[in-house]
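In what follows, a single structure is set out as C-alpha cells and then discussed.
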Amino acid sequence: MAVLIYSRNHPVEDWAAALRKEAPDLDIRLHPQTGNPAEIDVALVWKPPPGLLQSFPNLKLIQSFGAGVDGILADPNIPKHVPLARVVDGRLTQGMSEYVLLHVLRFHRQVDTMANNQRNRTWRWLPLVDASERVVGIMGMGTLGGHVARKLVDFGFQVASWSRGLKAVDGVTSFHGDDHLEGFLRICNILVCLLPLTPQTRGIISRRTLSLLPRGAYVINAGRGGHVVEADLLHALDSEWLSGATLDVFNEEPLRPDHPFWTHPKVTVTPHNAADSIPAHVAPQIVDNIRRLQQGLPILRLVDYARGY
C-alpha cells in the first residue's frame with residue numbers, strides 16, 4: 001500500500017521514519033517524489049496545495065497529521081468521496097491544556113504588570129482575585145476544549161463553555177447554539193477560543209462579539225487565525241475594552257514583520273506552537289487506520305465533510 005506524505009509545516013522525514021518503524025511494509029513516498037499518482041492509496045497531509053489530492057485517482061483515505069482539518073478542507077477540489085480522518089493525540093491535548101493554563105494564569109496573576117513594574121523598579125502591591133471569581137469561557141468543547149475545561153475547574157475557576165451542540169462537563173456551565181452565544185460572552189472574564197474553523201465560525205471573534213465581553217476581559221486564541229477579525233481585536237484593545245490578548249494562530253502565517261500584533265503592548269504572540277503532534281506518538285493510530293483500510297474495517301476519527309470537523 002502506497003502512502004504519500006505532504007506537509008507545508010511538518011518535518012516529513014520524521015513522519016516517514018515513524019511510519020516505517022510501525023509498518024515496514026508500507027510504501028512511503030514524500031512529495032514531490034510521488035511516482036505514479038495512480039498507485040497512491042493514502043495521503044497523509046497538512047495544508048496540501050489545491051488540486052494535489054484530486055491528482056491521485058485511486059486514493060482511498062486522506063489522513064490529517066493533526067486534530068484540525070481546515071487546511072485540508074480549504075482545497076475546493078478535495079475528493080469528498082474519499083474518507084477524511086483526523087488525529088486525536090493525548091500529548092497534543094495535554095500540550096494545549098498547558099498552553100491555555102499558562103496564559104490564563106498569566107492574566108489572572110497579573111504577571112505582565114509585575115514584569116513591567118520590575119523593569120521600572122516599581123514596588124507596588126497588586127490585589128489578588130480569587131480564582132472562583134474569574135469566569136473562563138471556552139469556545140469549542142471537542143477533545144481539546146473538554147480537557148482544558150476540566151483542568152481549569154481543578155484550579156478553582158468558574159468555567160463556562162459554548163459549542164454548537166450541548167456538551168455537558170461536570171463543573172462547567174454549558175451554553176450552545178447561536179441563541180446562547182450572547183449570554184455566554186457576557187459572563188467571560190477570560191475568553192479561550194478552541195473552535196474548529198468552519199464557515200460558521202470564521203470571524204466569530206469580531207467587534208460585535210468582543211463588545212459583549214465584560215470590560216477588562218482577556219482573549220486567548222489557540223484555535224485558528226480565521227476566527228479573529230484582526231482589526232476588530234486591535235480596536236477593542238486600543239479602546240481599552242480588552243485588557244489583553246494571547247494569540248497563537250493568525251490569518252497569515254508566518255506573521256509578517258510589520259504586523260501590529262508584534263509590537264502591541266497588550267498582545268502576546270506565539271508562533272503557532274501551543275501544541276503539536278509528535279510523529280512517534282501519533283504514527284500508531286495512523287497505521288491502525290491504514291490497516292483498517294486494508295482489512296475493510298471502519299476508519300476511526302472520521303471527519304464529517306458537511307460540518308467541517
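Every chain in the C-alpha cells takes a letter, A first, then B, and so on in the order presented; its residues are numbered from 1, and the ligands are numbered from 1 following the presented order.
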Neighbouring residues of Ala74 (chain A) were defined as those with any atom within 9 Å, considering only C-alpha atoms; residues of the same chain fewer than 5 positions away were excluded. Please report them as a VMD selection string. chain A and resid 47 to 48 50 69
Let's have the selection written as a compact mmCIF listing (two decimals), in the first residue's frame, with N, CA, C and O atoms.
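Just written: part_29.txt:
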```txt
# COMPACT_ATOMS: atom_id res chain seq x y z
N LYS A 47 -2.27 20.90 5.13
CA LYS A 47 -2.36 22.06 4.25
C LYS A 47 -1.85 21.76 2.84
O LYS A 47 -0.94 22.44 2.33
N PRO A 48 -2.41 20.74 2.19
CA PRO A 48 -1.94 20.42 0.84
C PRO A 48 -2.33 21.51 -0.16
O PRO A 48 -3.34 22.19 0.02
N PRO A 50 -3.99 23.22 -3.38
CA PRO A 50 -5.22 22.87 -4.11
C PRO A 50 -4.93 21.96 -5.30
O PRO A 50 -4.00 22.21 -6.07
N VAL A 69 -8.53 20.06 10.49
CA VAL A 69 -8.58 19.66 9.08
C VAL A 69 -8.97 20.81 8.17
O VAL A 69 -9.18 20.61 6.97
```
Could you give me, as a list in words, the residues within 10 Å of His108 (chain A), counting only C-alpha atoms and dropping anything in the same chain fewer than 4 positions from it?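 Close residues of His108 (chain A): Leu102, His103, Val104, Leu128, Val129, Asp130, Ala131, Arg134, Asn189, Ile190 and Tyr218 of chain A.
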Find the spatial neighbours of Ala236 (chain A), counting only C-alpha atoms, within a cut-off of 10 Å - ignore same-chain residues fewer than 3 positions away - and output them as number ranges by chain. A: 206-207, 210-211, 215-216, 230-233, 239-244
By how many Å are CA of Val228 (chain A) and CA of Phe261 (chain A) apart?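 About the pair CA of Val228 (chain A) and CA of Phe261 (chain A): they are 12.6 Å apart.
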Which residues come within 10 Å of Ile72 (chain A), counting only C-alpha atoms, excluding same-chain residues fewer than 3 positions away, as a count of residues only? 17
If you run DSSP on the backbone here, which positions in region 94-172 of chain A get helix (DSSP H, G or I)? Please write them as a PyMOL selection string. chain A and resi 94-108+111-119+131-133+143-154
Name the closest residue to Val135 (chain A) among the candidates A:Leu195, A:Ala222, A:Val82, A:Ala217; distances are taken between atoms, counting only C-alpha atoms. A:Ala217
For Val88 (chain A), which of A:Val42, A:Phe65, A:Ser55, A:Gln158 is the closest residue, counting only C-alpha atoms? A:Phe65
Give me every strand (DSSP E or B) residue in region 61-96 of chain A, going by DSSP on the backbone, as a ChimeraX atom specification. /A:61-64,84-85
